[in-house]
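Asker: The file below is run-v4.txt, compact mmCIF, C-alpha atoms and all ligand atoms:
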```txt
# COMPACT_ATOMS: atom_id res chain seq x y z
CA MET T 858 66.40 51.27 83.20
CA LYS T 859 69.25 48.72 82.94
CA LYS T 860 72.68 50.29 82.40
CA ILE T 861 74.86 48.35 79.94
CA LEU T 862 78.50 49.23 79.42
CA VAL T 863 80.10 47.84 76.23
CA VAL T 864 83.92 47.73 76.30
CA PHE T 865 86.20 46.90 73.37
CA GLY T 866 89.59 47.92 72.03
CA THR T 867 90.73 46.31 68.78
CA ARG T 868 89.54 46.16 65.18
CA PRO T 869 87.98 42.67 65.25
CA GLU T 870 86.14 43.31 68.52
CA ALA T 871 84.78 46.55 67.06
CA ILE T 872 83.63 44.89 63.82
CA LYS T 873 81.77 42.23 65.75
CA ILE T 874 80.35 44.36 68.56
CA CYS T 875 79.39 47.63 66.80
CA PRO T 876 76.38 45.96 65.12
CA LEU T 877 75.34 44.86 68.62
CA VAL T 878 75.72 48.39 70.00
CA LEU T 879 73.43 49.64 67.22
CA GLU T 880 70.85 46.96 68.05
CA LEU T 881 71.02 47.59 71.82
CA ARG T 882 70.49 51.31 71.27
CA LYS T 883 67.09 50.53 69.71
CA ARG T 884 65.89 48.97 72.98
CA SER T 885 64.07 51.44 75.19
CA SER T 886 64.56 49.41 78.39
CA LEU T 887 68.35 49.75 78.13
CA LYS T 888 70.77 52.65 78.57
CA ILE T 889 73.93 51.94 76.57
CA TYR T 890 77.41 53.30 77.31
CA VAL T 891 80.38 52.59 75.04
CA CYS T 892 83.96 52.55 76.31
CA VAL T 893 86.89 51.92 73.97
CA THR T 894 90.28 51.09 75.43
CA ALA T 895 91.87 51.95 72.06
CA GLN T 896 94.29 49.05 72.36
CA HIS T 897 94.24 49.71 68.60
CA ARG T 898 94.02 53.35 67.55
CA GLN T 899 93.78 53.93 63.79
CA MET T 900 92.41 50.46 63.04
CA LEU T 901 89.74 50.90 65.72
CA ASP T 902 88.79 54.40 64.59
CA GLN T 903 88.29 53.10 61.04
CA VAL T 904 85.61 50.70 62.32
CA LEU T 905 83.94 53.23 64.65
CA GLU T 906 83.59 55.56 61.71
CA SER T 907 82.22 52.83 59.41
CA PHE T 908 79.46 51.98 61.89
CA GLY T 909 78.93 55.54 63.14
CA VAL T 910 79.56 54.58 66.77
CA GLU T 911 80.87 57.36 69.04
CA PRO T 912 82.36 56.16 72.33
CA ASP T 913 81.35 57.74 75.62
CA TYR T 914 84.78 56.90 77.08
CA ASP T 915 88.07 56.58 75.19
CA LEU T 916 90.99 55.28 77.27
CA ASN T 917 93.50 55.79 74.45
CA ILE T 918 96.03 53.27 75.79
CA MET T 919 97.83 52.22 72.56
CA LYS T 920 101.63 52.46 72.44
CA ASP T 921 103.93 51.46 69.61
CA SER T 922 105.04 47.80 69.87
CA GLN T 923 103.13 47.46 73.14
CA SER T 924 103.72 44.43 75.36
CA LEU T 925 101.06 42.25 76.92
CA PHE T 926 102.02 43.80 80.29
CA ASP T 927 101.41 47.31 78.92
CA ILE T 928 97.95 46.48 77.58
CA THR T 929 96.76 44.39 80.51
CA SER T 930 97.87 46.74 83.29
CA ASN T 931 96.63 49.90 81.53
CA VAL T 932 93.22 48.45 80.69
CA LEU T 933 92.76 46.97 84.16
CA ASN T 934 93.33 50.31 85.88
CA GLU T 935 91.68 52.62 83.37
CA VAL T 936 88.50 50.54 83.02
CA ARG T 937 88.15 50.57 86.79
CA SER T 938 87.49 54.32 86.85
CA VAL T 939 84.86 53.98 84.08
CA LEU T 940 83.15 51.22 86.08
CA ASN T 941 83.14 53.47 89.13
CA THR T 942 81.61 56.35 87.16
CA VAL T 943 78.97 54.43 85.17
CA GLU T 944 78.09 51.77 87.78
CA PRO T 945 76.71 49.46 85.07
CA ASP T 946 74.34 46.55 85.71
CA LEU T 947 76.16 44.53 83.07
CA VAL T 948 79.39 44.87 81.08
CA LEU T 949 79.57 43.38 77.59
CA ILE T 950 82.90 42.29 76.16
CA HIS T 951 83.87 40.37 73.06
CA GLY T 952 86.21 37.51 72.19
CA ASP T 953 89.73 37.01 73.46
CA THR T 954 91.97 40.07 73.25
CA SER T 955 93.92 41.53 76.16
CA THR T 956 91.28 44.28 76.36
CA THR T 957 88.66 41.56 76.82
CA PHE T 958 90.56 39.74 79.55
CA ALA T 959 91.65 42.82 81.50
CA THR T 960 88.14 44.30 81.36
CA ALA T 961 86.66 41.06 82.67
CA LEU T 962 89.17 41.04 85.50
CA SER T 963 88.38 44.66 86.36
CA CYS T 964 84.66 43.78 86.46
CA PHE T 965 85.37 40.80 88.69
CA TYR T 966 87.30 42.95 91.15
CA CYS T 967 84.34 45.38 91.22
CA LYS T 968 81.81 42.49 91.38
CA ILE T 969 80.03 43.65 88.22
CA PRO T 970 78.47 40.93 86.01
CA VAL T 971 79.98 40.27 82.59
CA GLY T 972 78.32 39.16 79.34
CA HIS T 973 80.79 37.51 76.96
CA VAL T 974 80.04 37.74 73.24
CA GLU T 975 81.69 35.01 71.11
CA ALA T 976 82.16 32.77 74.13
CA GLY T 977 83.41 29.18 74.07
CA LEU T 978 85.95 29.16 71.22
CA ARG T 979 88.81 26.85 72.14
CA THR T 980 91.97 25.18 70.89
CA TYR T 981 92.88 23.87 74.38
CA ASN T 982 96.47 24.81 73.63
CA ILE T 983 97.26 27.65 76.02
CA TYR T 984 100.06 29.00 73.77
CA SER T 985 98.11 28.87 70.50
CA PRO T 986 96.76 31.36 69.75
CA TYR T 987 98.85 33.33 72.24
CA PRO T 988 97.65 34.94 74.47
CA GLU T 989 94.07 34.58 73.21
CA GLU T 990 93.41 31.01 74.38
CA PHE T 991 94.25 31.99 77.96
CA ASN T 992 92.22 35.19 77.69
CA ARG T 993 89.01 33.48 76.60
CA GLU T 994 89.32 30.57 79.04
CA ALA T 995 89.89 33.04 81.88
CA VAL T 996 86.88 35.17 80.88
CA SER T 997 84.66 32.07 80.88
CA LEU T 998 85.50 31.48 84.54
CA LEU T 999 83.70 34.64 85.58
CA SER T 1000 81.17 35.48 82.86
CA LYS T 1001 77.49 35.50 83.78
CA TYR T 1002 76.07 35.43 80.25
CA ASN T 1003 77.88 33.38 77.59
CA PHE T 1004 76.81 34.21 74.05
CA ALA T 1005 78.16 31.21 72.18
CA PRO T 1006 78.28 31.69 68.40
CA THR T 1007 77.78 27.99 67.57
CA PRO T 1008 76.58 24.74 69.20
CA LEU T 1009 80.22 23.57 69.29
CA ALA T 1010 81.21 26.59 71.39
CA LYS T 1011 78.32 25.77 73.74
CA GLU T 1012 79.57 22.19 74.10
CA ASN T 1013 83.01 23.46 75.08
CA LEU T 1014 81.52 25.64 77.81
CA LEU T 1015 79.30 22.84 79.13
CA ARG T 1016 82.29 20.49 79.26
CA GLU T 1017 84.11 23.09 81.34
CA GLY T 1018 81.27 23.18 83.86
CA LYS T 1019 79.43 26.36 82.87
CA SER T 1020 75.73 26.03 83.66
CA ALA T 1021 73.42 25.45 80.68
CA GLU T 1022 71.26 28.43 81.79
CA SER T 1023 74.21 30.80 81.32
CA ILE T 1024 74.86 29.76 77.69
CA PHE T 1025 72.94 31.09 74.67
CA VAL T 1026 73.65 29.98 71.09
CA THR T 1027 73.22 33.13 69.04
CA GLY T 1028 75.30 32.81 65.86
CA ASN T 1029 78.29 35.06 65.30
CA THR T 1030 77.65 38.80 65.11
CA VAL T 1031 80.12 39.09 62.22
CA ILE T 1032 77.52 37.52 59.96
CA ASP T 1033 75.18 40.36 60.97
CA ALA T 1034 77.89 42.79 59.85
CA ILE T 1035 78.27 41.07 56.45
CA LYS T 1036 74.58 41.69 55.72
CA TYR T 1037 75.35 45.41 55.58
CA THR T 1038 78.77 45.44 53.98
CA VAL T 1039 78.74 43.27 50.85
CA ARG T 1040 77.42 44.81 47.62
CA ASP T 1041 77.13 43.26 44.13
CA ASP T 1042 78.02 46.56 42.44
CA TYR T 1043 81.09 47.21 44.64
CA ARG T 1044 84.11 48.78 42.85
CA HIS T 1045 87.63 49.64 44.05
CA PRO T 1046 90.78 50.70 42.17
CA GLU T 1047 92.69 47.73 43.64
CA LEU T 1048 90.08 45.34 42.26
CA ASP T 1049 90.42 47.08 38.88
CA TRP T 1050 94.16 46.35 39.12
CA VAL T 1051 93.35 42.65 39.66
CA GLY T 1052 91.01 42.68 36.65
CA ASP T 1053 90.17 39.14 35.50
CA LYS T 1054 93.15 37.57 37.30
CA LYS T 1055 92.56 35.40 40.36
CA LEU T 1056 92.55 37.52 43.50
CA ILE T 1057 94.59 36.06 46.35
CA PHE T 1058 93.75 37.82 49.63
CA ILE T 1059 96.40 37.85 52.36
CA THR T 1060 96.43 38.99 56.00
CA ALA T 1061 98.77 38.14 58.91
CA HIS T 1062 99.37 39.47 62.39
CA ARG T 1063 99.34 36.76 65.11
CA ARG T 1064 101.79 37.29 67.94
CA GLU T 1065 102.96 33.63 67.86
CA ASN T 1066 103.81 34.03 64.14
CA LEU T 1067 105.98 37.15 64.54
CA GLY T 1068 109.61 36.54 63.52
CA GLU T 1069 110.75 33.37 61.73
CA PRO T 1070 107.27 31.81 61.15
CA MET T 1071 106.17 34.97 59.33
CA HIS T 1072 109.27 34.93 57.13
CA HIS T 1073 108.41 31.34 56.16
CA MET T 1074 104.76 32.18 55.44
CA PHE T 1075 105.61 35.13 53.21
CA ARG T 1076 108.42 33.32 51.34
CA ALA T 1077 106.05 30.48 50.47
CA ILE T 1078 103.39 32.90 49.22
CA ARG T 1079 105.92 34.83 47.17
CA ARG T 1080 107.24 31.70 45.45
CA VAL T 1081 103.73 30.64 44.43
CA ILE T 1082 102.73 34.10 43.18
CA ASP T 1083 105.98 34.37 41.18
CA GLU T 1084 105.16 31.03 39.50
CA HIS T 1085 101.47 31.84 38.81
CA PRO T 1086 101.03 34.92 36.60
CA GLU T 1087 97.26 34.23 36.48
CA CYS T 1088 97.11 35.41 40.12
CA LYS T 1089 97.38 38.81 41.73
CA ALA T 1090 97.58 39.20 45.51
CA ILE T 1091 96.33 41.99 47.75
CA TYR T 1092 97.63 42.25 51.27
CA PRO T 1093 96.09 44.94 53.52
CA ILE T 1094 98.88 45.05 56.04
CA HIS T 1095 98.45 45.29 59.82
CA LEU T 1096 99.91 48.43 61.46
CA ASN T 1097 102.18 46.41 63.75
CA PRO T 1098 105.72 47.59 62.81
CA ILE T 1099 107.13 44.08 63.41
CA VAL T 1100 104.75 42.62 60.80
CA ARG T 1101 105.46 45.42 58.33
CA GLU T 1102 109.21 44.98 58.46
CA VAL T 1103 108.99 41.28 57.54
CA ALA T 1104 106.38 41.81 54.83
CA TYR T 1105 108.17 44.66 53.06
CA PHE T 1106 111.38 42.63 53.16
CA GLU T 1107 109.98 39.33 51.83
CA PHE T 1108 107.69 40.86 49.17
CA ARG T 1109 110.17 43.50 47.90
CA GLY T 1110 110.12 43.91 44.13
CA CYS T 1111 107.17 41.53 43.63
CA GLU T 1112 104.84 43.26 41.15
CA ASN T 1113 101.91 40.89 41.55
CA ILE T 1114 101.56 41.45 45.28
CA HIS T 1115 100.11 44.79 46.35
CA ILE T 1116 100.70 45.62 49.99
CA ILE T 1117 98.15 48.27 50.93
CA GLU T 1118 97.24 50.07 54.15
CA PRO T 1119 94.46 48.58 56.35
CA ILE T 1120 91.15 48.89 54.53
CA ASP T 1121 87.85 49.62 56.20
CA VAL T 1122 85.47 46.80 56.99
CA PHE T 1123 83.21 47.53 53.99
CA ASP T 1124 86.17 47.25 51.62
CA CYS T 1125 87.53 44.22 53.41
CA HIS T 1126 84.35 42.16 53.21
CA ASN T 1127 83.89 43.08 49.55
CA PHE T 1128 87.52 42.17 48.76
CA GLU T 1129 87.01 38.81 50.47
CA ALA T 1130 83.79 38.21 48.54
CA ARG T 1131 85.70 38.82 45.26
CA SER T 1132 88.67 36.60 46.20
CA TYR T 1133 89.66 33.29 44.65
CA LEU T 1134 91.58 32.14 47.70
CA CYS T 1135 92.62 33.57 51.05
CA LEU T 1136 95.76 32.98 53.11
CA THR T 1137 95.54 34.28 56.66
CA ASP T 1138 96.27 33.76 60.33
CA SER T 1139 93.28 35.94 61.28
CA GLY T 1140 90.41 34.58 63.34
CA GLY T 1141 87.55 36.65 61.91
CA ILE T 1142 88.48 36.05 58.30
CA GLN T 1143 88.10 32.30 58.89
CA GLU T 1144 84.43 33.01 59.62
CA GLU T 1145 83.80 35.49 56.84
CA CYS T 1146 85.33 33.71 53.84
CA PRO T 1147 83.27 30.50 54.15
CA SER T 1148 80.17 32.67 53.73
CA PHE T 1149 81.49 33.74 50.33
CA GLY T 1150 82.63 30.26 49.21
CA VAL T 1151 86.23 31.43 49.39
CA PRO T 1152 88.67 28.70 50.52
CA VAL T 1153 91.01 29.71 53.33
CA LEU T 1154 94.51 28.42 54.00
CA VAL T 1155 95.00 29.09 57.71
CA MET T 1156 98.65 29.82 58.46
CA ARG T 1157 98.52 28.59 62.04
CA ASP T 1158 99.11 25.29 63.82
CA THR T 1159 95.72 25.32 65.54
CA THR T 1160 92.28 26.75 64.97
CA GLU T 1161 89.26 27.24 67.18
CA ARG T 1162 87.05 27.42 64.07
CA TYR T 1163 86.37 23.67 63.61
CA GLU T 1164 83.07 24.37 61.91
CA GLY T 1165 84.90 25.67 58.84
CA LEU T 1166 87.38 22.78 58.92
CA ASN T 1167 84.54 20.27 59.11
CA ALA T 1168 82.67 22.00 56.31
CA GLY T 1169 85.87 21.74 54.23
CA THR T 1170 86.28 25.45 53.49
CA LEU T 1171 89.28 25.93 55.82
CA LYS T 1172 92.58 24.07 55.72
CA LEU T 1173 95.25 24.38 58.41
CA VAL T 1174 98.63 24.78 56.74
CA GLY T 1175 100.81 25.85 59.69
CA THR T 1176 103.82 28.07 59.12
CA ASN T 1177 106.22 25.68 57.38
CA GLU T 1178 107.37 27.22 54.07
CA GLU T 1179 107.39 23.99 52.04
CA TYR T 1180 103.99 22.88 53.29
CA ILE T 1181 102.32 26.22 52.56
CA TYR T 1182 104.02 26.36 49.14
CA LYS T 1183 102.85 22.84 48.20
CA THR T 1184 99.26 23.25 49.45
CA PHE T 1185 98.80 26.68 47.87
CA ASN T 1186 100.23 25.43 44.56
CA PHE T 1187 98.12 22.31 44.64
CA LEU T 1188 94.90 24.29 45.06
CA LEU T 1189 95.76 26.59 42.17
CA ASP T 1190 96.63 23.68 39.87
CA ASN T 1191 93.87 21.26 40.89
CA LYS T 1192 90.38 22.53 40.04
CA GLU T 1193 88.62 19.57 41.59
CA ALA T 1194 90.29 20.08 44.98
CA TYR T 1195 89.62 23.82 44.74
CA ASP T 1196 85.93 23.33 43.91
CA LYS T 1197 85.52 21.00 46.87
CA MET T 1198 86.79 23.72 49.21
CA SER T 1199 84.87 26.57 47.66
CA GLN T 1200 81.38 25.37 48.58
CA ALA T 1201 79.72 28.39 50.20
CA CYS T 1202 78.44 27.51 53.63
CA ASN T 1203 77.60 29.46 56.69
CA PRO T 1204 78.32 27.52 59.86
CA TYR T 1205 78.67 30.74 61.83
CA GLY T 1206 75.30 32.44 61.86
CA ASP T 1207 72.19 33.71 60.08
CA GLY T 1208 72.72 37.44 60.55
CA ASN T 1209 70.37 37.74 63.55
CA ALA T 1210 72.85 37.26 66.40
CA CYS T 1211 72.62 40.85 67.66
CA GLU T 1212 68.85 40.71 67.91
CA ARG T 1213 69.07 37.47 69.91
CA ILE T 1214 71.66 38.90 72.31
CA ALA T 1215 69.64 42.07 72.85
CA ASP T 1216 66.49 39.99 73.52
CA ILE T 1217 68.33 37.87 76.08
CA ILE T 1218 69.68 40.95 77.86
CA GLU T 1219 66.18 42.40 78.00
CA GLY T 1220 64.96 39.12 79.51
CA LYS T 1221 62.80 38.19 76.50
CA GLU T 1222 62.28 34.74 74.95
CA TYR T 1223 64.84 33.81 72.31
CA THR T 1224 65.18 30.97 69.81
CA PRO T 1225 68.70 29.53 69.71
CA TRP T 1226 70.46 29.61 66.37
CA LYS T 1227 70.85 26.21 64.65
CA PRO T 1228 73.37 25.87 61.78
CA TRP T 1229 71.26 23.56 59.57
C1 LIG T 1301 95.54 42.33 68.85
C2 LIG T 1301 95.01 41.21 69.73
C3 LIG T 1301 94.69 39.98 68.89
C4 LIG T 1301 93.81 40.34 67.71
C5 LIG T 1301 94.43 41.49 66.94
C6 LIG T 1301 93.53 41.94 65.80
C7 LIG T 1301 95.95 40.98 71.99
C8 LIG T 1301 97.09 40.57 72.81
N1 LIG T 1301 96.06 40.82 70.68
O1 LIG T 1301 96.78 41.90 68.33
O2 LIG T 1301 94.03 39.03 69.70
O3 LIG T 1301 93.69 39.21 66.88
O4 LIG T 1301 94.62 42.60 67.83
O5 LIG T 1301 94.23 42.71 64.88
O6 LIG T 1301 94.97 41.47 72.51
N2 LIG T 1301 99.13 49.27 65.85
C9 LIG T 1301 99.01 50.56 65.42
N3 LIG T 1301 97.76 51.05 65.17
C10 LIG T 1301 96.64 50.30 65.33
C11 LIG T 1301 96.78 48.97 65.76
C12 LIG T 1301 98.02 48.48 66.04
O7 LIG T 1301 100.00 51.26 65.25
O8 LIG T 1301 95.54 50.80 65.07
C13 LIG T 1301 100.48 48.73 66.14
C14 LIG T 1301 101.08 49.30 67.44
O9 LIG T 1301 102.46 49.47 67.27
C15 LIG T 1301 100.80 48.19 68.45
C16 LIG T 1301 100.98 46.96 67.57
O10 LIG T 1301 100.42 47.33 66.32
O11 LIG T 1301 101.66 48.25 69.56
C17 LIG T 1301 100.37 45.69 68.08
O12 LIG T 1301 99.04 45.89 68.53
P1 LIG T 1301 98.43 44.89 69.66
O13 LIG T 1301 97.04 45.28 69.95
O14 LIG T 1301 99.38 44.77 70.80
O15 LIG T 1301 98.52 43.47 68.99
P2 LIG T 1301 97.83 42.88 67.69
O16 LIG T 1301 98.83 41.99 67.05
O17 LIG T 1301 97.20 43.96 66.92
N1 LIG T 1302 89.76 43.59 58.34
C1 LIG T 1302 89.54 44.90 57.92
N2 LIG T 1302 90.53 45.56 57.25
C2 LIG T 1302 91.72 44.98 56.95
C3 LIG T 1302 91.94 43.63 57.39
C4 LIG T 1302 90.94 42.99 58.11
O1 LIG T 1302 88.47 45.47 58.14
O2 LIG T 1302 92.57 45.63 56.34
C5 LIG T 1302 88.69 42.91 59.09
C6 LIG T 1302 88.27 41.53 58.62
O3 LIG T 1302 87.22 41.62 57.69
C7 LIG T 1302 87.81 40.86 59.91
C8 LIG T 1302 88.67 41.51 60.97
O4 LIG T 1302 89.20 42.69 60.40
O5 LIG T 1302 86.46 41.19 60.20
C9 LIG T 1302 89.77 40.59 61.38
O6 LIG T 1302 90.67 41.30 62.16
P1 LIG T 1302 92.10 40.76 62.49
O7 LIG T 1302 92.54 39.79 61.46
O8 LIG T 1302 92.95 41.97 62.75
O9 LIG T 1302 91.87 40.05 63.90
P2 LIG T 1302 91.39 38.58 64.35
O10 LIG T 1302 90.10 38.30 63.70
O11 LIG T 1302 92.49 37.64 63.98
O12 LIG T 1302 91.28 38.70 65.82
```
Show me, as structure tokens, the structure contained in the file I just sent.
Ligand code: UD1
Ligand code: UDP

Answerer:
Amino acid sequence: MKKILVVFGTRPEAIKICPLVLELRKRSSLKIYVCVTAQHRQMLDQVLESFGVEPDYDLNIMKDSQSLFDITSNVLNEVRSVLNTVEPDLVLIHGDTSTTFATALSCFYCKIPVGHVEAGLRTYNIYSPYPEEFNREAVSLLSKYNFAPTPLAKENLLREGKSAESIFVTGNTVIDAIKYTVRDDYRHPELDWVGDKKLIFITAHRRENLGEPMHHMFRAIRRVIDEHPECKAIYPIHLNPIVREVAYFEFRGCENIHIIEPIDVFDCHNFEARSYLCLTDSGGIQEECPSFGVPVLVMRDTTERYEGLNAGTLKLVGTNEEYIYKTFNFLLDNKEAYDKMSQACNPYGDGNACERIADIIEGKEYTPWKPW
């Protein structure tokens, strides 16, 4: 029986890899072990609970305001002992966090093959997003299986010299997750508070946006919300204390913006599905909102999600206060421009990515996912 060790540490990795763990556990030819680094603690536990996944190993590395050195060195060393104990045939990792990179490096040092889920996303700007672009490029150097979510991600990997046989276009596993989370009859007290107003959904956490850029982003949002009483905003805030300080300062006294604690993935997907517009610097939310026809203003200078840009549902607005203010205002005041952006499309998957990945790992035939 093949031994597969799945390693992850943060909320977005968990949301996108737990559905895969559940699928892999159905396969009788595989023995599945789950190791969480707990680079995130509470935000990770929320997802584990939602999907009912209990880790076999919990490295519990999170520290308050942790540095990249803290995460990388702790994961590298702690994962090593799990690799020595389990002796897996394959380690599965996801995306581009420091957990992902350090786990891949640990596997390389132990000469254990790596399968990379959500492989091939690129901006080709090593500092944006930071440190994620470096992390994912580095993982691609050593990964044996590359599960590319889209044909574009496959093209990136081919251009970088990865062999075609190592790349599998599967769709993004987050679309698999959405199949289980979104409900027509969903209710929540915060949505009752919004009532028939337009729901503006906000998230922010990127390391390169901490400090001045985040002040600019939040000031722009506040000005627009103050001028548009037909809107109410909900902002489930990240647990990073640096983010929280800026947000509570810039949104103080603003009645139409509710800052709430992180919500679980079921709530989050249903909130997104009910939104009029989303402003975010998140990666995953750029993939989820297009599925619901919800336009996204991406508060970053770069994106690796070109599929959404090309489909017209995402717009890069950077972190300049005036530019965010103008673009956000324009979309609220101009129905035609809004309607153009709110075409529901799903360039990221058909909800069967986990099945494809499990088939590939078992050595079965698979049919690559094609967007349309
Ligand atoms: C990390 C990832 C980023 C990913 C993001 C998803 C890296 C370097 N960054 O960034 O790629 O997009 O997760 O959210 O891998 N905290 C808690 N409890 C939690 C989670 C975080 O208190 O459950 C606080 C801690 O003080 C922690 C800080 O947030 O030190 C930052 O967490 P960290 O994982 O370093 O960075 P993120 O910005 O969350
Ligand atoms: N999310 C969540 N609760 C929240 C905010 C976000 O479950 O309060 C989910 C969201 O639906 C998406 C993922 O977390 O699937 C995105 O995580 P994040 O923005 O932290 O990281 P990124 O995707 O930027 O790496």

Asker: I'd like to know which of T:Pro1008, T:Phe958, T:Val863, T:Asn1066 is closest to Phe991 in chain T, using only C-alpha atoms.

Answerer: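 Among T:Pro1008, T:Phe958, T:Val863, T:Asn1066, it is T:Phe958 that comes nearest to Phe991 in chain T.
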
Asker: Which chains and residue numbers are within 6 Å of ligand LIG 1301 (chain T), counting all atoms listed in the file, if I want them as a ChimeraX atom specification?

Answerer: /T:867-869,896-901,920-923,925,954-955,988-989,1062-1064,1096-1098

Asker: Considering all atoms listed in the file, state which residue in the set T:Phe1058, T:Trp1050, T:Tyr1223, T:Phe965 is at the smallest distance from ligand LIG 1302 (chain T).

Answerer: T:Phe1058

Asker: Counting all atoms listed in the file, what are the residues, protein, DNA or RNA alike, that approach ligand LIG 1302 (chain T) to within 8 Å? I want them as an MDAnalysis selection string.

Answerer: chainID T and resid 867:870 872:873 900 904 953:954 1031 1060:1063 1092:1095 1118:1126 1129 1137:1143 1145

Asker: Rank T:Leu1048, T:Val891, T:Ala1168, T:Cys967 by their smallest atom-to-atom distance to Ala1201 in chain T, using only C-alpha atoms, and report the top residue only.

Answerer: T:Ala1168

Asker: Using all atoms listed in the file and a cutoff of 7 Å, can you tell me which residues are near (107.5, 37.4, 47.4) in the file's coordinates, and write them out as number ranges by chain?

Answerer: T: 1075-1076, 1078-1080, 1107-1109, 1111

Asker: I need the chosen residues saved as an mmCIF file, in the coordinates of the input, with C-alpha atoms.

Answerer:
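Final file, part02.cif:
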```
data_model
loop_
_atom_site.group_PDB
_atom_site.id
_atom_site.type_symbol
_atom_site.label_atom_id
_atom_site.label_comp_id
_atom_site.auth_asym_id
_atom_site.auth_seq_id
_atom_site.Cartn_x
_atom_site.Cartn_y
_atom_site.Cartn_z
ATOM 1 C CA PHE T 1075 105.610 35.130 53.210
ATOM 2 C CA ARG T 1076 108.420 33.320 51.340
ATOM 3 C CA ILE T 1078 103.390 32.900 49.220
ATOM 4 C CA ARG T 1079 105.920 34.830 47.170
ATOM 5 C CA ARG T 1080 107.240 31.700 45.450
ATOM 6 C CA GLU T 1107 109.980 39.330 51.830
ATOM 7 C CA PHE T 1108 107.690 40.860 49.170
ATOM 8 C CA ARG T 1109 110.170 43.500 47.900
ATOM 9 C CA CYS T 1111 107.170 41.530 43.630
#
```

Asker: Have a look at CA of Thr1184 in chain T and CA of Pro1152 in chain T and let me know their distance in Å, one decimal.

Answerer: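 Computed distance, CA of Thr1184 in chain T to CA of Pro1152 in chain T, equals 12.0 Å.
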
Asker: In Å, how far is it from CA of Lys1019 in chain T to CA of Tyr981 in chain T?

Answerer: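 CA of Tyr981 in chain T lies at a distance of 16.1 Å from CA of Lys1019 in chain T.
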
Asker: Taking all atoms listed in the file into account, which of T:Pro945, T:Pro912, T:Gly972, T:Pro876 comes nearest Ile1218 in chain T?

Answerer: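 Comparing T:Pro945, T:Pro912, T:Gly972, T:Pro876 against Ile1218 in chain T, the winner is T:Gly972.
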